[in-house]
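A quick write-up on the structure given underneath.
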Amino acid sequence: MVKRKTAIKIRKAHRYLGIFLGIQFLMWTISGMYFSWTDIDEIHGDQFRQAPVEVSAFTHLISPSDVNPEEGIVSVELREIDGNPYYWINDKQLFDAKTGKVKKVISESEALKIAERNMLPELQVKGIERIEQVGSHSEYRGRPLPAYVISYETSENIKAYVSEKDGAFQTLRHRDWRWFDFLWMTHTMDYEGRDDFNTIVLRAFSLLGLITVLSGFLLWYISSPTIRKIKKRNK
């Protein structure tokens, strides 16, 4: 059998590890429950968007090769901005699809029209602002800037984002998504960018968690009356 001093040391290690890791284990459990009980489409905000988005048909468009971009065409996409057709070429620049004129940025009114085509018609616009930079914890992190943020008069605190350079509807954010994002951060333990599953902190806590579980099994083994009886029989 394990010596009494050794058993005491194991119990202390198990107890303190449990206290140290308890809060994080609780957050893992709460966040895991939240993820399993929520509809990911609702978290994405699909219930606030028009689906499908109405697509317009255009005629008398010039050829993309006639807009004279600075370099050869690698990719081209036809986009509608405030009822007008534009070519988005090489993921770099907008060109009027009828005149070939360069469009450097979109205006606030155009951004509102783009959001209007993507969002439910009953949603009322509260305000719009232009952003040039965001922090690593921003709900708009990792997406094109500058951008327009359109806020709506709802209890869900809905915000839609439209890229200023290409006029693309980027995403929408709302209350439940923000809760999901916060819990995702506690689950991955990436307190910088929130999306990295390979953080040193997560690896360390996972290893300590394994040690805690194994020490619990060891404590059961050395203190179990059943195990003691089995060992006495085998002597």
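Naming works like this for the structure tokens: A, B, ... for the chains as they're shown, residue 1 at the start of each chain, ligands 1 onward in shown order.
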Which neighbours of Pro64 in chain A fall inside 12 Å, counting only C-alpha atoms, when residues of the same chain fewer than 5 positions from it are skipped, and could you give them as a list in words?
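In the requested format, the answer is Pro69, Gly72, Ile73, Val74, Ser75, Val76, Glu77, Leu78, Pro85, Tyr86, Tyr87, Trp88, Ile89, Asn90, Gln93, Leu94, Phe95, Asp96, Ala97, Lys98, Thr99, Gly100 and Lys101 of chain A.
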Would you mind listing what lies within 12 Å of Ala204 in chain A as an MDAnalysis selection string, with only C-alpha atoms counted and same-chain residues fewer than 6 positions away left out? chainID A and resid 21 24 189 198 210:211
Given the selection you just returned, output its residues as a file containing N, CA and C atoms, formatted as a CSV table (one decimal), in the first residue's frame.
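Output contents, as saved in again14.csv:
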```csv
chain,number,residue,atom,x,y,z
A,21,LEU,N,-8.3,24.8,-10.7
A,21,LEU,CA,-8.9,24.6,-12.0
A,21,LEU,C,-10.5,24.7,-12.0
A,24,GLN,N,-12.3,27.4,-14.1
A,24,GLN,CA,-12.2,27.1,-15.6
A,24,GLN,C,-13.0,25.9,-16.0
A,189,MET,N,-9.9,29.7,-24.2
A,189,MET,CA,-8.9,30.4,-23.3
A,189,MET,C,-8.0,31.2,-24.2
A,198,ASN,N,-4.9,26.7,-29.9
A,198,ASN,CA,-3.6,26.2,-29.6
A,198,ASN,C,-2.8,27.1,-28.6
A,210,LEU,N,-6.0,16.9,-16.6
A,210,LEU,CA,-5.7,15.4,-16.7
A,210,LEU,C,-5.0,14.9,-15.5
A,211,ILE,N,-4.1,15.7,-15.0
A,211,ILE,CA,-3.4,15.3,-13.7
A,211,ILE,C,-4.4,15.3,-12.6
```
Shortest interatomic distance to Met33 in chain A - which of A:Arg117, A:Arg178, A:Pro52, A:His187, counting only C-alpha atoms:
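Looking only at the distances to Met33 in chain A, the closest residue turns out to be A:His187.
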8 Å contact set for Thr199 in chain A, only C-alpha atoms, chain neighbours under 3 positions out, as a list in words: Thr188, Met189, Asp190, Asp196, Leu202 and Arg203 of chain A
Students should find that CA of Thr171 in chain A and CA of Ser136 in chain A are spaced 16.8 Å
Exercise. Taking the DSSP assignment computed from this structure's backbone, write out as number ranges by chain all residues of range 26-182 of chain A that belong to strand (DSSP E).
Key: A: 76-81, 84-89, 93-96, 102-103, 125-131, 147-152, 159-163, 169-173
Those same residues, written as a tab-separated table (two decimals), in the first residue's frame with N, CA and C atoms?
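Saved the output as part-v2.tsv:
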```tsv
chain	number	residue	atom	x	y	z
A	76	VAL	N	-13.39	38.34	-61.18
A	76	VAL	CA	-14.36	39.42	-61.36
A	76	VAL	C	-15.70	38.98	-60.78
A	77	GLU	N	-16.37	39.91	-60.10
A	77	GLU	CA	-17.67	39.64	-59.50
A	77	GLU	C	-18.59	40.82	-59.75
A	78	LEU	N	-19.80	40.52	-60.18
A	78	LEU	CA	-20.79	41.58	-60.42
A	78	LEU	C	-21.54	41.86	-59.12
A	79	ARG	N	-21.54	43.12	-58.70
A	79	ARG	CA	-22.21	43.51	-57.47
A	79	ARG	C	-23.18	44.65	-57.72
A	80	GLU	N	-24.24	44.66	-56.93
A	80	GLU	CA	-25.23	45.73	-57.02
A	80	GLU	C	-25.08	46.66	-55.83
A	81	ILE	N	-24.94	47.95	-56.11
A	81	ILE	CA	-24.84	48.96	-55.07
A	81	ILE	C	-25.84	50.06	-55.37
A	84	ASN	N	-27.31	49.97	-58.82
A	84	ASN	CA	-26.39	50.09	-59.96
A	84	ASN	C	-25.39	48.93	-59.96
A	85	PRO	N	-25.00	48.47	-61.18
A	85	PRO	CA	-24.07	47.33	-61.27
A	85	PRO	C	-22.60	47.77	-61.24
A	86	TYR	N	-21.79	47.01	-60.53
A	86	TYR	CA	-20.35	47.28	-60.45
A	86	TYR	C	-19.57	45.97	-60.57
A	87	TYR	N	-18.41	46.08	-61.19
A	87	TYR	CA	-17.49	44.94	-61.22
A	87	TYR	C	-16.50	45.07	-60.06
A	88	TRP	N	-16.37	44.01	-59.28
A	88	TRP	CA	-15.34	43.95	-58.24
A	88	TRP	C	-14.23	43.07	-58.83
A	89	ILE	N	-13.13	43.71	-59.22
A	89	ILE	CA	-12.09	43.03	-59.98
A	89	ILE	C	-10.85	42.77	-59.13
A	93	GLN	N	-10.67	46.42	-56.56
A	93	GLN	CA	-11.23	47.69	-56.98
A	93	GLN	C	-12.61	47.52	-57.60
A	94	LEU	N	-13.48	48.50	-57.35
A	94	LEU	CA	-14.80	48.54	-57.96
A	94	LEU	C	-14.78	49.39	-59.22
A	95	PHE	N	-15.49	48.90	-60.26
A	95	PHE	CA	-15.64	49.65	-61.50
A	95	PHE	C	-17.11	49.65	-61.88
A	96	ASP	N	-17.59	50.80	-62.35
A	96	ASP	CA	-18.96	50.89	-62.85
A	96	ASP	C	-19.09	49.95	-64.04
A	102	VAL	N	-13.93	54.16	-62.22
A	102	VAL	CA	-13.50	53.61	-60.94
A	102	VAL	C	-14.37	54.17	-59.81
A	103	LYS	N	-14.75	53.29	-58.89
A	103	LYS	CA	-15.48	53.73	-57.69
A	103	LYS	C	-14.59	53.43	-56.50
A	125	VAL	N	-33.72	51.43	-38.77
A	125	VAL	CA	-32.34	51.90	-38.58
A	125	VAL	C	-32.29	52.95	-37.46
A	126	LYS	N	-31.36	52.74	-36.55
A	126	LYS	CA	-31.16	53.68	-35.43
A	126	LYS	C	-30.06	54.69	-35.75
A	127	GLY	N	-29.02	54.23	-36.45
A	127	GLY	CA	-27.92	55.12	-36.79
A	127	GLY	C	-26.87	54.41	-37.61
A	128	ILE	N	-25.93	55.19	-38.14
A	128	ILE	CA	-24.84	54.62	-38.93
A	128	ILE	C	-23.56	55.38	-38.62
A	129	GLU	N	-22.45	54.67	-38.55
A	129	GLU	CA	-21.16	55.31	-38.33
A	129	GLU	C	-20.08	54.59	-39.13
A	130	ARG	N	-19.00	55.30	-39.38
A	130	ARG	CA	-17.88	54.75	-40.13
A	130	ARG	C	-16.75	54.42	-39.16
A	131	ILE	N	-16.18	53.22	-39.29
A	131	ILE	CA	-15.07	52.82	-38.44
A	131	ILE	C	-13.84	52.53	-39.30
A	147	ALA	N	-15.18	50.46	-42.62
A	147	ALA	CA	-16.50	49.85	-42.81
A	147	ALA	C	-17.56	50.74	-42.17
A	148	TYR	N	-18.80	50.52	-42.58
A	148	TYR	CA	-19.93	51.21	-41.98
A	148	TYR	C	-20.65	50.27	-41.02
A	149	VAL	N	-21.05	50.82	-39.87
A	149	VAL	CA	-21.80	50.07	-38.87
A	149	VAL	C	-23.21	50.64	-38.82
A	150	ILE	N	-24.19	49.82	-39.15
A	150	ILE	CA	-25.59	50.25	-39.12
A	150	ILE	C	-26.25	49.63	-37.90
A	151	SER	N	-26.77	50.46	-37.02
A	151	SER	CA	-27.44	50.00	-35.79
A	151	SER	C	-28.95	50.04	-35.98
A	152	TYR	N	-29.66	49.11	-35.30
A	152	TYR	CA	-31.10	49.00	-35.45
A	152	TYR	C	-31.81	49.14	-34.12
A	159	LYS	N	-26.44	44.99	-35.08
A	159	LYS	CA	-25.58	45.86	-35.88
A	159	LYS	C	-25.16	45.12	-37.14
A	160	ALA	N	-25.27	45.82	-38.29
A	160	ALA	CA	-24.86	45.25	-39.57
A	160	ALA	C	-23.60	45.98	-40.04
A	161	TYR	N	-22.72	45.26	-40.73
A	161	TYR	CA	-21.45	45.82	-41.16
A	161	TYR	C	-21.31	45.72	-42.68
A	162	VAL	N	-20.95	46.85	-43.30
A	162	VAL	CA	-20.78	46.91	-44.75
A	162	VAL	C	-19.39	47.50	-45.04
A	163	SER	N	-18.63	46.81	-45.87
A	163	SER	CA	-17.29	47.27	-46.23
A	163	SER	C	-17.36	48.52	-47.10
A	169	PHE	N	-21.80	43.31	-48.04
A	169	PHE	CA	-22.40	43.13	-46.72
A	169	PHE	C	-21.56	42.10	-46.00
A	170	GLN	N	-20.88	42.51	-44.93
A	170	GLN	CA	-19.92	41.64	-44.27
A	170	GLN	C	-20.55	40.68	-43.28
A	171	THR	N	-21.29	41.23	-42.33
A	171	THR	CA	-21.87	40.37	-41.29
A	171	THR	C	-22.84	41.19	-40.46
A	172	LEU	N	-23.53	40.51	-39.55
A	172	LEU	CA	-24.34	41.20	-38.55
A	172	LEU	C	-24.04	40.59	-37.20
A	173	ARG	N	-24.20	41.40	-36.19
A	173	ARG	CA	-23.95	40.96	-34.81
A	173	ARG	C	-25.15	41.36	-33.95
```
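Interatomic distance, CA of Glu153 in chain A to CA of Gln47 in chain A: 15.6 Å.
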